Every structure is written in C-alpha cells, then in structure tokens.
$ cat start04.tsv   # TSV, C-alpha atoms
chain	number	residue	atom	x	y	z
A	1445	MET	CA	125.72	70.14	116.00
A	1446	LEU	CA	126.54	73.44	117.70
A	1447	ALA	CA	123.60	75.56	118.82
A	1448	LYS	CA	124.70	78.45	116.63
A	1449	GLU	CA	124.66	76.14	113.62
A	1450	LEU	CA	121.15	74.99	114.48
A	1451	LEU	CA	119.90	78.55	114.87
A	1452	LYS	CA	121.47	79.49	111.56
A	1453	LYS	CA	119.71	76.53	109.91
A	1454	TYR	CA	116.41	77.68	111.43
A	1455	LEU	CA	116.97	81.19	110.07
A	1456	GLU	CA	117.63	79.80	106.61
A	1457	GLY	CA	114.67	77.42	106.72
A	1458	ASN	CA	116.86	74.30	106.49
A	1459	CYS	CA	115.96	72.61	109.80
A	1460	THR	CA	114.42	69.16	110.01
A	1461	GLU	CA	111.09	68.85	111.81
A	1462	GLU	CA	112.94	67.60	114.89
A	1463	GLU	CA	115.30	70.57	114.88
A	1464	LYS	CA	112.38	72.98	114.44
A	1465	ALA	CA	110.73	71.33	117.43
A	1466	ILE	CA	113.78	71.99	119.60
A	1467	VAL	CA	113.93	75.71	118.80
A	1468	GLU	CA	110.18	76.28	118.98
A	1469	THR	CA	109.70	74.26	122.15
A	1470	TRP	CA	112.39	76.39	123.79
A	1471	TYR	CA	110.37	79.41	122.76
A	1472	VAL	CA	107.14	78.07	124.23
A	1473	GLN	CA	108.70	76.86	127.49
A	1474	HIS	CA	111.13	79.67	128.23
A	1475	ARG	CA	109.97	82.88	126.55
A	1476	VAL	CA	106.18	82.84	126.46
A	1477	LYS	CA	105.82	84.65	129.82
A	1478	THR	CA	107.91	87.64	128.83
A	1479	GLN	CA	105.75	90.75	128.62
A	1480	LYS	CA	108.22	93.53	127.85
A	1481	ALA	CA	110.81	94.40	125.24
A	1482	LEU	CA	114.32	93.27	126.15
A	1483	THR	CA	117.23	95.53	127.03
A	1484	ASP	CA	120.65	94.93	125.47
A	1485	ALA	CA	121.78	93.08	128.61
A	1486	GLU	CA	118.65	90.94	128.61
A	1487	GLN	CA	119.07	90.16	124.91
A	1488	THR	CA	122.65	89.05	125.54
A	1489	ARG	CA	121.52	86.91	128.45
A	1490	ASP	CA	118.76	85.42	126.33
A	1491	ILE	CA	121.18	84.49	123.56
A	1492	HIS	CA	123.29	82.55	126.03
A	1493	GLN	CA	120.19	80.85	127.40
A	1494	ILE	CA	119.22	79.74	123.90
A	1495	ILE	CA	122.69	78.40	123.23
A	1496	ASN	CA	122.98	76.66	126.62
A	1497	TYR	CA	119.52	75.15	126.30
A	1498	LEU	CA	120.04	73.91	122.78
A	1499	ASP	CA	123.52	72.57	123.51
A	1500	THR	CA	121.90	70.20	125.99
A	1501	ARG	CA	119.22	69.12	123.53
A	1502	VAL	CA	121.10	68.56	120.27
A	1503	PRO	CA	121.13	65.90	118.91
A	1504	GLY	CA	118.14	63.71	119.88
A	1505	ALA	CA	114.82	65.50	119.80
A	1506	ARG	CA	112.41	62.67	119.13
A	1507	LYS	CA	110.66	63.15	122.47
A	1508	VAL	CA	110.17	66.87	121.92
A	1509	GLN	CA	106.61	67.60	120.84
A	1510	LEU	CA	106.48	69.80	117.75
A	1511	TRP	CA	104.67	73.04	118.45
A	1512	PRO	CA	101.99	73.62	115.76
A	1513	ARG	CA	103.75	75.02	112.70
A	1514	ILE	CA	101.11	77.64	111.88
A	1515	ALA	CA	101.23	79.11	115.36
A	1516	ALA	CA	105.00	79.12	115.29
A	1517	ALA	CA	105.19	80.84	111.93
A	1518	ALA	CA	102.75	83.52	113.02
A	1519	THR	CA	104.53	84.40	116.25
A	1520	ILE	CA	108.20	83.59	115.95
A	1521	LEU	CA	110.93	85.47	114.14
A	1522	LEU	CA	114.61	84.66	114.09
A	1523	PHE	CA	117.02	87.52	113.47
A	1524	LEU	CA	120.72	87.30	112.70
A	1525	SER	CA	122.58	90.50	113.53
A	1526	VAL	CA	126.01	91.68	114.63
A	1527	SER	CA	124.96	91.03	118.23
A	1528	GLY	CA	124.08	87.38	117.66
A	1529	TYR	CA	120.91	85.36	117.19
A	1530	PHE	CA	117.63	86.69	118.49
A	1531	LEU	CA	114.55	84.54	118.92
A	1532	LEU	CA	111.72	87.04	118.79
A	1533	HIS	CA	108.00	86.70	119.36
A	1534	LYS	CA	104.82	88.71	119.57
A	1535	GLN	CA	104.27	88.23	123.29
A	1536	ALA	CA	106.25	91.33	124.22
A	1537	GLY	CA	104.72	93.12	121.29
A	1538	GLN	CA	101.25	92.81	122.82
A	1539	GLN	CA	102.10	95.65	125.20
A	1540	LEU	CA	103.14	97.80	122.26
A	1541	VAL	CA	99.82	97.19	120.52
A	1542	GLN	CA	97.99	98.57	123.53
A	1543	ASN	CA	99.91	101.82	123.13
A	1544	HIS	CA	98.90	102.10	119.46
A	1545	PRO	CA	95.11	101.86	119.19
A	1546	TYR	CA	95.23	102.66	115.47
A	1547	ASP	CA	96.19	99.62	113.41
A	1548	ILE	CA	96.25	98.87	109.68
A	1549	ALA	CA	94.82	95.70	108.20
A	1550	PRO	CA	96.91	93.69	105.73
A	1551	GLY	CA	96.37	93.97	102.00
A	1552	GLY	CA	94.14	91.67	100.00
A	1553	ASN	CA	92.77	90.84	96.55
A	1554	LYS	CA	92.31	94.22	94.86
A	1555	ALA	CA	92.67	95.27	91.22
A	1556	ILE	CA	91.31	97.59	88.57
A	1557	LEU	CA	90.89	96.28	85.01
A	1558	THR	CA	90.91	98.85	82.21
A	1559	SER	CA	89.30	97.34	79.12
A	1560	HIS	CA	87.99	99.27	76.08
A	1561	GLY	CA	88.15	102.50	78.05
A	1562	ARG	CA	86.06	101.06	80.85
A	1563	LYS	CA	87.42	100.65	84.39
A	1564	ILE	CA	86.22	97.64	86.35
A	1565	ILE	CA	86.96	97.36	90.06
A	1566	LEU	CA	87.55	93.64	90.25
A	1567	ASP	CA	87.30	93.27	94.01
A	1568	ASN	CA	83.71	94.57	93.78
A	1569	ALA	CA	82.74	92.53	90.72
A	1570	LYS	CA	80.78	89.30	91.08
A	1571	ASN	CA	82.18	86.00	89.90
A	1572	GLY	CA	81.33	85.17	86.30
A	1573	LEU	CA	81.48	87.03	83.00
A	1574	ILE	CA	82.63	90.62	83.41
A	1575	ALA	CA	83.53	91.62	79.81
A	1576	THR	CA	83.48	90.29	76.25
A	1577	ASN	CA	85.20	91.30	73.04
A	1578	GLY	CA	84.51	89.24	69.97
A	1579	SER	CA	86.03	85.81	70.54
A	1580	VAL	CA	87.37	86.67	74.02
A	1581	ALA	CA	85.45	86.37	77.29
A	1582	VAL	CA	86.83	87.81	80.51
A	1583	ASN	CA	85.66	85.89	83.57
A	1584	LYS	CA	86.19	86.42	87.26
A	1585	LYS	CA	86.75	82.82	88.30
A	1586	ALA	CA	87.12	83.43	92.03
A	1587	ASP	CA	88.12	86.11	94.47
A	1588	GLY	CA	91.52	87.30	93.27
A	1589	LEU	CA	91.54	85.64	89.81
A	1590	ILE	CA	90.44	86.68	86.33
A	1591	SER	CA	90.74	84.55	83.22
A	1592	TYR	CA	90.74	85.37	79.50
A	1593	ASP	CA	89.00	82.60	77.61
A	1594	ALA	CA	89.53	82.81	73.85
A	1595	SER	CA	88.00	80.75	71.07
A	1596	GLN	CA	90.22	78.50	68.96
A	1597	ALA	CA	89.76	80.68	65.88
A	1598	SER	CA	92.85	81.59	63.87
A	1599	ASN	CA	95.19	84.14	65.42
A	1600	THR	CA	95.85	85.72	62.04
A	1601	ASN	CA	94.04	88.78	60.74
A	1602	ILE	CA	92.71	89.87	64.12
A	1603	THR	CA	93.15	93.28	65.70
A	1604	MET	CA	95.22	93.31	68.88
A	1605	VAL	CA	93.27	94.85	71.76
A	1606	TYR	CA	95.22	95.64	74.94
A	1607	ASP	CA	93.91	95.65	78.49
A	1608	THR	CA	95.66	96.98	81.59
A	1609	ILE	CA	95.38	95.57	85.08
A	1610	THR	CA	96.42	97.85	87.94
A	1611	ILE	CA	97.09	96.44	91.38
A	1612	PRO	CA	96.91	99.25	93.95
A	1613	ARG	CA	99.05	99.52	97.05
A	1614	GLY	CA	97.58	97.06	99.50
A	1615	GLY	CA	96.49	94.70	96.74
A	1616	GLN	CA	97.38	91.52	94.89
A	1617	TYR	CA	95.75	89.55	92.07
A	1618	GLN	CA	96.09	86.63	89.66
A	1619	LEU	CA	95.60	86.62	85.93
A	1620	LYS	CA	95.23	83.78	83.44
A	1621	MET	CA	95.91	85.01	79.92
A	1622	SER	CA	94.30	83.77	76.72
A	1623	ASP	CA	97.17	81.36	75.96
A	1624	GLY	CA	96.88	79.73	79.39
A	1625	SER	CA	99.91	81.48	80.88
A	1626	LYS	CA	99.46	82.48	84.52
A	1627	VAL	CA	100.57	85.68	86.23
A	1628	TRP	CA	100.63	86.54	89.95
A	1629	LEU	CA	100.72	90.29	90.59
A	1630	ASN	CA	102.06	91.95	93.73
A	1631	ALA	CA	100.97	95.25	95.26
A	1632	ALA	CA	101.58	98.49	93.31
A	1633	THR	CA	101.90	96.73	89.94
A	1634	ILE	CA	100.73	97.67	86.45
A	1635	LEU	CA	100.62	95.12	83.61
A	1636	ARG	CA	99.55	95.73	80.01
A	1637	TYR	CA	98.73	92.77	77.76
A	1638	PRO	CA	96.58	91.80	74.75
A	1639	GLU	CA	93.20	90.20	75.30
A	1640	LYS	CA	94.20	87.62	72.70
A	1641	PHE	CA	97.66	87.01	71.31
A	1642	ALA	CA	98.17	87.22	67.55
A	1643	GLY	CA	101.02	87.22	65.07
A	1644	LYS	CA	104.46	85.68	65.52
A	1645	GLU	CA	105.05	86.52	69.18
A	1646	ARG	CA	103.27	87.08	72.48
A	1647	LYS	CA	104.28	90.37	74.03
A	1648	ILE	CA	103.21	91.99	77.31
A	1649	GLU	CA	104.56	94.95	79.30
A	1650	LEU	CA	105.27	95.12	83.01
A	1651	ILE	CA	105.07	98.89	83.44
A	1652	SER	CA	106.04	98.76	87.12
A	1653	GLY	CA	105.83	96.49	90.11
A	1654	GLU	CA	106.35	92.77	90.57
A	1655	ALA	CA	104.99	89.72	88.76
A	1656	TYR	CA	105.58	85.99	88.91
A	1657	MET	CA	104.82	84.18	85.65
A	1658	GLU	CA	104.26	80.59	84.61
A	1659	VAL	CA	104.37	80.71	80.84
A	1660	VAL	CA	102.92	78.16	78.45
A	1661	HIS	CA	105.82	77.58	76.08
A	1662	ASN	CA	105.22	77.93	72.35
A	1663	LYS	CA	108.38	77.84	70.26
A	1664	ALA	CA	106.51	79.12	67.22
A	1665	MET	CA	105.16	82.10	69.17
A	1666	PRO	CA	107.74	83.21	71.79
A	1667	PHE	CA	106.62	85.01	74.92
A	1668	LYS	CA	108.30	88.34	75.72
A	1669	VAL	CA	107.98	90.76	78.64
A	1670	LEU	CA	108.93	94.41	78.15
A	1671	VAL	CA	110.10	96.01	81.39
A	1672	LYS	CA	111.83	99.39	81.69
A	1673	GLY	CA	113.97	99.06	78.56
A	1674	GLN	CA	114.58	95.33	78.95
A	1675	VAL	CA	113.10	92.42	77.04
A	1676	ILE	CA	112.69	89.18	78.98
A	1677	GLU	CA	112.22	86.29	76.56
A	1678	ASP	CA	110.69	83.04	77.74
A	1679	LEU	CA	112.23	79.74	76.68
A	1680	GLY	CA	109.82	77.55	78.66
A	1681	THR	CA	109.72	79.18	82.01
A	1682	HIS	CA	108.63	80.03	85.53
A	1683	PHE	CA	110.15	83.37	86.53
A	1684	ASN	CA	109.72	86.45	88.70
A	1685	ILE	CA	110.33	90.08	87.76
A	1686	ASN	CA	110.72	92.82	90.37
A	1687	ALA	CA	110.70	96.27	88.76
A	1688	TYR	CA	109.41	98.81	91.26
A	1689	ASP	CA	110.04	102.47	90.53
A	1690	ASP	CA	111.45	103.04	94.02
A	1691	GLU	CA	113.94	100.15	93.92
A	1692	GLU	CA	117.50	100.53	92.68
A	1693	LEU	CA	117.61	97.19	90.88
A	1694	ILE	CA	115.36	95.50	88.33
A	1695	LYS	CA	115.57	91.81	89.19
A	1696	THR	CA	114.61	88.84	87.01
A	1697	THR	CA	114.73	85.49	88.81
A	1698	LEU	CA	114.42	82.14	87.04
A	1699	LEU	CA	112.81	79.19	88.83
A	1700	GLU	CA	112.28	76.71	85.99
A	1701	GLY	CA	113.22	76.46	82.33
A	1702	SER	CA	115.21	79.25	80.73
A	1703	VAL	CA	114.90	82.97	80.05
A	1704	LYS	CA	116.97	85.41	78.07
A	1705	VAL	CA	117.37	88.93	79.47
A	1706	ASN	CA	118.07	91.49	76.75
A	1707	THR	CA	119.21	94.92	77.89
A	1708	GLY	CA	121.55	97.60	76.56
A	1709	GLY	CA	122.54	95.52	73.55
A	1710	GLN	CA	123.56	92.58	75.75
A	1711	ALA	CA	121.84	89.23	76.23
A	1712	PHE	CA	122.06	87.08	79.38
A	1713	LEU	CA	120.76	83.52	79.40
A	1714	LEU	CA	119.67	82.53	82.90
A	1715	LYS	CA	119.67	79.08	84.43
A	1716	PRO	CA	117.28	78.00	87.21
A	1717	GLY	CA	118.32	79.56	90.51
A	1718	GLN	CA	119.92	82.59	88.86
A	1719	GLN	CA	118.89	86.23	89.03
A	1720	ALA	CA	119.79	89.04	86.63
A	1721	GLN	CA	120.11	92.39	88.38
A	1722	VAL	CA	120.02	95.53	86.25
A	1723	ASN	CA	120.80	98.86	87.89
A	1724	ALA	CA	117.93	101.17	86.95
A	1725	THR	CA	120.28	104.18	86.78
A	1726	THR	CA	123.58	102.90	85.40
A	1727	HIS	CA	122.07	99.93	83.52
A	1728	LEU	CA	124.96	97.76	84.68
A	1729	VAL	CA	124.05	94.07	84.73
A	1730	SER	CA	125.13	91.31	87.11
A	1731	VAL	CA	123.98	87.70	87.47
A	1732	HIS	CA	123.80	85.96	90.85
A	1733	ASN	CA	122.73	82.64	92.33
A	1734	VAL	CA	119.81	83.20	94.71
A	1735	ASP	CA	117.31	81.32	96.85
A	1736	THR	CA	114.32	81.31	94.52
A	1737	GLU	CA	111.85	80.55	97.31
A	1738	ASP	CA	112.86	83.80	98.99
A	1739	GLU	CA	112.32	85.74	95.77
A	1740	ILE	CA	108.73	84.52	95.41
A	1741	ALA	CA	107.90	84.47	99.12
A	1742	TRP	CA	105.43	87.32	98.51
A	1743	LYS	CA	103.41	85.02	96.24
A	1744	ASN	CA	103.20	82.47	99.06
A	1745	GLY	CA	102.07	84.95	101.69
A	1746	LEU	CA	105.39	85.94	103.26
A	1747	PHE	CA	107.80	88.81	103.61
A	1748	THR	CA	111.28	87.26	103.63
A	1749	PHE	CA	114.36	89.31	104.47
A	1750	HIS	CA	118.07	88.46	104.54
A	1751	ASN	CA	120.32	91.20	105.91
A	1752	ALA	CA	117.91	93.84	104.62
A	1753	SER	CA	118.12	97.48	105.66
A	1754	ILE	CA	115.21	99.09	107.46
A	1755	GLN	CA	114.52	101.12	104.30
A	1756	THR	CA	114.21	97.93	102.25
A	1757	VAL	CA	111.91	96.32	104.80
A	1758	LEU	CA	109.67	99.35	105.11
A	1759	ARG	CA	109.34	99.87	101.36
A	1760	GLN	CA	107.79	96.42	101.15
A	1761	LEU	CA	105.54	97.03	104.14
A	1762	ALA	CA	104.48	100.40	102.72
A	1763	ARG	CA	103.22	98.81	99.51
A	1764	TRP	CA	101.33	96.05	101.27
A	1765	TYR	CA	99.73	98.17	103.99
A	1766	ASP	CA	99.27	101.19	101.68
A	1767	VAL	CA	101.07	103.65	103.92
A	1768	LYS	CA	103.62	106.41	103.59
A	1769	ILE	CA	106.95	106.05	105.41
A	1770	GLU	CA	108.55	109.00	107.20
A	1771	TYR	CA	111.83	109.09	109.12
A	1772	GLU	CA	112.48	111.42	112.03
A	1773	GLY	CA	116.11	112.01	112.91
A	1774	GLN	CA	118.89	109.68	111.85
A	1775	ILE	CA	117.70	106.53	110.11
A	1776	PRO	CA	118.47	103.54	112.34
A	1777	ASP	CA	121.36	101.43	111.09
A	1778	ARG	CA	119.81	97.98	111.40
A	1779	MET	CA	119.89	94.85	109.25
A	1780	PHE	CA	117.01	92.42	109.38
A	1781	SER	CA	116.62	88.74	108.55
A	1782	GLY	CA	113.53	86.62	108.99
A	1783	ASP	CA	109.99	85.96	107.82
A	1784	ILE	CA	106.77	87.85	108.51
A	1785	TYR	CA	103.40	86.55	107.35
A	1786	ARG	CA	101.59	88.99	105.08
A	1787	ASN	CA	98.26	88.32	106.79
A	1788	THR	CA	99.44	90.08	109.97
A	1789	THR	CA	98.39	93.64	110.74
A	1790	ALA	CA	100.85	96.51	110.41
A	1791	LEU	CA	101.29	96.72	114.18
A	1792	GLN	CA	102.07	93.04	114.46
A	1793	ALA	CA	104.70	93.34	111.76
A	1794	LEU	CA	106.21	96.51	113.22
A	1795	ASP	CA	106.25	95.14	116.75
A	1796	LEU	CA	108.62	92.43	115.55
A	1797	LEU	CA	110.96	95.10	114.21
A	1798	SER	CA	110.76	97.05	117.46
A	1799	PHE	CA	112.70	94.33	119.28
A	1800	THR	CA	115.87	95.57	117.62
A	1801	LYS	CA	115.37	99.11	118.95
A	1802	VAL	CA	113.55	100.51	115.94
A	1803	HIS	CA	110.78	102.79	117.18
A	1804	PHE	CA	107.70	103.78	115.26
A	1805	ARG	CA	104.23	105.21	115.41
A	1806	ILE	CA	101.30	104.96	113.02
A	1807	GLU	CA	99.48	108.15	112.13
A	1808	LYS	CA	96.35	108.83	110.13
A	1809	GLY	CA	94.99	112.00	108.59
A	1810	ALA	CA	92.88	114.36	110.65
A	1811	ASP	CA	89.80	113.27	108.69
A	1812	GLY	CA	90.56	109.61	109.36
A	1813	HIS	CA	90.63	108.80	105.63
A	1814	SER	CA	93.63	110.58	104.13
A	1815	GLU	CA	96.98	108.85	103.67
A	1816	LYS	CA	98.16	106.77	106.59
A	1817	LYS	CA	101.82	106.82	107.52
A	1818	ILE	CA	104.39	105.01	109.61
A	1819	VAL	CA	106.86	107.34	111.33
A	1820	VAL	CA	110.24	105.80	112.21
A	1821	THR	CA	112.38	107.31	114.98
A	1822	PRO	CA	115.83	106.43	116.40
$ encode --input "start04.tsv" --output "structure tokens"
Amino acid sequence: MLAKELLKKYLEGNCTEEEKAIVETWYVQHRVKTQKALTDAEQTRDIHQIINYLDTRVPGARKVQLWPRIAAAATILLFLSVSGYFLLHKQAGQQLVQNHPYDIAPGGNKAILTSHGRKIILDNAKNGLIATNGSVAVNKKADGLISYDASQASNTNITMVYDTITIPRGGQYQLKMSDGSKVWLNAATILRYPEKFAGKERKIELISGEAYMEVVHNKAMPFKVLVKGQVIEDLGTHFNINAYDDEELIKTTLLEGSVKVNTGGQAFLLKPGQQAQVNATTHLVSVHNVDTEDEIAWKNGLFTFHNASIQTVLRQLARWYDVKIEYEGQIPDRMFSGDIYRNTTALQALDLLSFTKVHFRIEKGADGHSEKKIVVTP
C-alpha cells in the first residue's frame, strides 16, 4: 500500500489497528520534540518524511507497539489539503497556549426545562423527581438526562400539555420521552414536546438546533417531527436532524429504519445512510449518501470535519464554547478535515487550526463576564 493511501485511510477512519500503529508511532518517534509551528518549507519536508518513513514500514507492522488510542485521539489531527497530508499535534500548540492566558472550557450538560410556566435549570437540579403533572412524573435520572415516566392509563380524553427544553450555547442534554423514545440534544437547541402523547399521532417540534432521535416505533401512533416547515415522519427509526438558524441547509440523516421527509408538497423516503438536505432559503431538496458516523460525531464527543471551510468549523466551535466569532481582514481560504475531541479547551482546538496558518486570539469583555469572542485574522 502506498503511504498516501494509508494516510488517506487514517483520515477517513478506515485503518486497521496495525496501520494506526504505524502512523501514530511515527508521530511519537519523529514529531514529539517539535516545539514550534512549521513553515511552508518545513511542512513540505515533513510530508516527505511521513511518506518516506511509511513507505519503509508498509506492509508488516506487527512489531510496532500501538500508541494508546486515547492519547492519540486527544493529540493528533490529520488534515488533507491542497498542499498534501499534514500530521498535526498539540506539541507545537503548547507554545501558543502560553501566549494566550485566557482559555475557554468546553461545554457540558446544561439545559433549561420550561414546564407549566416554570423554568427549571436542570444542571442545578438534584437527581430525582423534579416535576409532576397528573399521571406524568419528570425525573432527573443522572447528570445530563431527564425522563418522562407516564402511567399506563388510556391516552384518550387527556389534555395535551407541552414542555420546552432549551439547550444553551455550551450545553448538551438527553431526554427520554413518555413513550420511551430517546433524544440527544446538541448545543443551542430548542425542542417542544408533550409531556404525554395522546390521540392518533405523536408530534414534537424541533424549533432550532440539532437532535439525534431513537424512536420507539408504533404503527398505530406515528411519530412526527416538525422542523422549519418540514415534517419528518418516523417509520421505525434512528435519525439526526440538523436545523440551526445560522446554517444554510436543514439536514435529516437516517441511520436505521426509515423516515419520510415532507417539505414543499414533496415527500422523500430515506434509506439508511442517506441524508435529505433542504435549502433554508430556496427550499430546494437533494438527497445524498453520507457517512452517518460523521453526522452524529457530536453525540459521541467529537467534532468531525471533511473539507469544511473555516466558517463552518468556527460556527460549530462557537456553539460549543459559547463564544462570538469575529473576522478581521480577509477571511482565510482554508479547508479542514479531521477530528477534534469536544472535551478539549477552546485554545487546544484552535491551536490545531493554527497549523494551517489561521491566526486567532480570544478576547473577553472588560468586566470579565460579558460575551467572549474568538477573533480570526489572516
């Protein structure tokens, strides 16, 4: 196998454990002592070193000790760009951190539940019962999870009562609804839903943001999600909906089962591995095959990018770190590919981006509490 092919497999997450060991051992043995960002000439030299090194090691890596996977994932980032393959790490970024004493912690489990006109800050609430309404009990099961536990009484002749859960920027949360369906909610998301489903259908509304859902199928009582003029109908499904106000596309991705996307008088039946993309302005619809693991990487603690613009990358970081993004001068024309763990600080994430000549600084308000911002410069 050619080295370039191996590096491409690593980028795409398709390497065997042996192949991962080759790439990561090269990193440990040959790049760990570097303490400064690389110039263009040094990057070009490094690319050739990677290729030459790997060409002598592939195939046959059984004697190469696998570097611990957690450490590798936290410190290594592989970028594919017009210049070639870049194996990037935090070692050089440590110098950058010293020049930026102000850092921003990653997001966490945060949410506000609005129920019967009462607002409950869930991250401050203790585990256990937090609200009741007739036959429905709302319990905080653990940090980051609330559950609606309903009695088995008839669903007929009951009044529908809606709650709203709001995930702020810098937050995430999980919800188990009264029918047993599960919802994972990303930062900057608002979901409205009934405390207990009744009637001939189960209907919720994703007002904005991103949600991954594992729906308990009930043919007699179909599950529907309203989202910005669309109706997503479950046919026995695990799916993800991305519908942020500041994104151009509303994306519905199917992982298991089947969903029907109804929009503008048209209906699109998705198969697993497909994604419906609806332009929020023109309402034009297209269906694509996608890597579903990439689409739900956020749920599994990752930012995953494939040829993403700096604007796309920073919109995601802004939501998770609860910061404002400002650009000074011409916006850098860079495309990014790779993974960043969501449990890293803002500086650690941005230092990885700085290897491709994107410069930044983090600023905070004069009082130390007003809105934080990341300023991007050429």
$ closest_residue --input "start04.tsv" --among "A:Ile1676, A:Leu1693, A:Val1731, A:Ala1655" --to "A:Ala1631" --atoms "all atoms listed in the file"
A:Ala1655
$ atom_distance --input "start04.tsv" --atom1 "atom CA of A:Thr1789" --atom2 "atom CA of A:Thr1697"
28.5 Å
$ atom_distance --input "start04.tsv" --atom1 "atom CA of A:Lys1644" --atom2 "atom CA of A:His1682"
21.2 Å
$ closest_residue --input "start04.tsv" --among "A:Thr1821, A:Leu1761, A:Ala1741, A:Phe1749" --to "A:Gly1773" --atoms "all atoms listed in the file"
A:Thr1821
$ residues_around --input "start04.tsv" --residues "A:Ala1724" --least-positions-apart "2" --cutoff "10 Å" --atoms "only C-alpha atoms" --output "VMD selection string"
chain A and resid 1672 to 1673 1687 to 1695 1721 to 1722 1726 to 1729
$ atom_distance --input "start04.tsv" --atom1 "atom CA of A:Lys1817" --atom2 "atom CA of A:Tyr1617"
24.0 Å
$ residues_around --input "start04.tsv" --residues "stretch 1544-1554 of chain A" --least-positions-apart "2" --cutoff "8 Å" --atoms "all atoms listed in the file" --output "PyMOL selection string"
chain A and resi 1540-1542+1556+1565-1567+1587-1588+1611-1617+1764-1766+1786-1791+1805-1807
$ residues_around --input "start04.tsv" --residues "A:Ser1625" --least-positions-apart "6" --cutoff "6 Å" --atoms "all atoms listed in the file" --output "CSV table (one decimal) with C-alpha atoms, in the frame of the given file"
chain,number,residue,atom,x,y,z
A,1658,GLU,CA,104.3,80.6,84.6
A,1659,VAL,CA,104.4,80.7,80.8
A,1660,VAL,CA,102.9,78.2,78.4
$ residues_around --input "start04.tsv" --residues "A:Thr1610" --least-positions-apart "5" --cutoff "6 Å" --atoms "all atoms listed in the file" --output "JSON, numbers by chain"
{"A": [1555, 1556, 1633, 1634]}
$ residues_around --input "start04.tsv" --residues "stretch 1736-1738 of chain A" --least-positions-apart "5" --cutoff "7 Å" --atoms "all atoms listed in the file" --output "list in words"
Leu1699, Gly1717 and Thr1748 of chain A
$ axis_aligned_box --input "start04.tsv" --around "stretch 1655-1670 of chain A" --padding-each-side "8 Å" --output "lines of an AutoDock Vina configuration file"
center_x = 105.9
center_y = 86.0
center_z = 78.1
size_x = 22.0
size_y = 32.8
size_z = 37.7
$ closest_residue --input "start04.tsv" --among "A:Ala1581, A:Ala1793, A:Leu1713, A:Ala1762" --to "A:Leu1746" --atoms "all atoms listed in the file"
A:Ala1793
$ decode --input "start04.tsv" --residues "stretch 1556-1562 of chain A" --atoms "all heavy atoms" --output "short mmCIF file (atom, residue, chain, number, x, y, z; two decimals), in the first residue's frame"
data_model
loop_
_atom_site.label_atom_id
_atom_site.label_comp_id
_atom_site.auth_asym_id
_atom_site.auth_seq_id
_atom_site.Cartn_x
_atom_site.Cartn_y
_atom_site.Cartn_z
N ILE A 1556 -32.39 24.08 30.20
CA ILE A 1556 -33.47 24.74 30.95
C ILE A 1556 -34.78 24.10 30.51
O ILE A 1556 -35.10 24.06 29.31
CB ILE A 1556 -33.50 26.25 30.68
CG1 ILE A 1556 -32.17 26.89 31.09
CG2 ILE A 1556 -34.67 26.91 31.43
CD1 ILE A 1556 -32.02 28.34 30.66
N LEU A 1557 -35.54 23.57 31.46
CA LEU A 1557 -36.84 22.97 31.18
C LEU A 1557 -37.92 23.97 31.54
O LEU A 1557 -37.97 24.48 32.67
CB LEU A 1557 -37.01 21.69 32.00
CG LEU A 1557 -38.38 21.01 31.88
CD1 LEU A 1557 -38.61 20.47 30.46
CD2 LEU A 1557 -38.51 19.88 32.91
N THR A 1558 -38.79 24.26 30.57
CA THR A 1558 -39.95 25.12 30.84
C THR A 1558 -41.18 24.23 30.89
O THR A 1558 -41.56 23.61 29.90
CB THR A 1558 -40.12 26.18 29.74
OG1 THR A 1558 -38.93 26.96 29.64
CG2 THR A 1558 -41.29 27.10 30.06
N SER A 1559 -41.79 24.16 32.07
CA SER A 1559 -42.93 23.27 32.29
C SER A 1559 -43.97 23.99 33.13
O SER A 1559 -43.68 24.47 34.23
CB SER A 1559 -42.46 22.00 33.02
OG SER A 1559 -43.54 21.14 33.28
N HIS A 1560 -45.19 24.13 32.59
CA HIS A 1560 -46.29 24.81 33.29
C HIS A 1560 -45.90 26.22 33.71
O HIS A 1560 -46.23 26.68 34.81
CB HIS A 1560 -46.73 23.99 34.51
CG HIS A 1560 -47.20 22.61 34.18
ND1 HIS A 1560 -48.51 22.32 33.89
CD2 HIS A 1560 -46.52 21.44 34.04
CE1 HIS A 1560 -48.63 21.02 33.62
NE2 HIS A 1560 -47.42 20.48 33.69
N GLY A 1561 -45.17 26.91 32.83
CA GLY A 1561 -44.77 28.28 33.11
C GLY A 1561 -43.61 28.42 34.06
O GLY A 1561 -43.16 29.53 34.35
N ARG A 1562 -43.08 27.31 34.51
CA ARG A 1562 -41.97 27.32 35.46
C ARG A 1562 -40.69 26.93 34.74
O ARG A 1562 -40.66 25.98 33.97
CB ARG A 1562 -42.28 26.32 36.57
CG ARG A 1562 -41.19 26.13 37.60
CD ARG A 1562 -41.68 25.17 38.68
NE ARG A 1562 -40.58 24.66 39.49
CZ ARG A 1562 -40.40 23.40 39.82
NH1 ARG A 1562 -41.28 22.50 39.39
NH2 ARG A 1562 -39.39 23.02 40.57
#
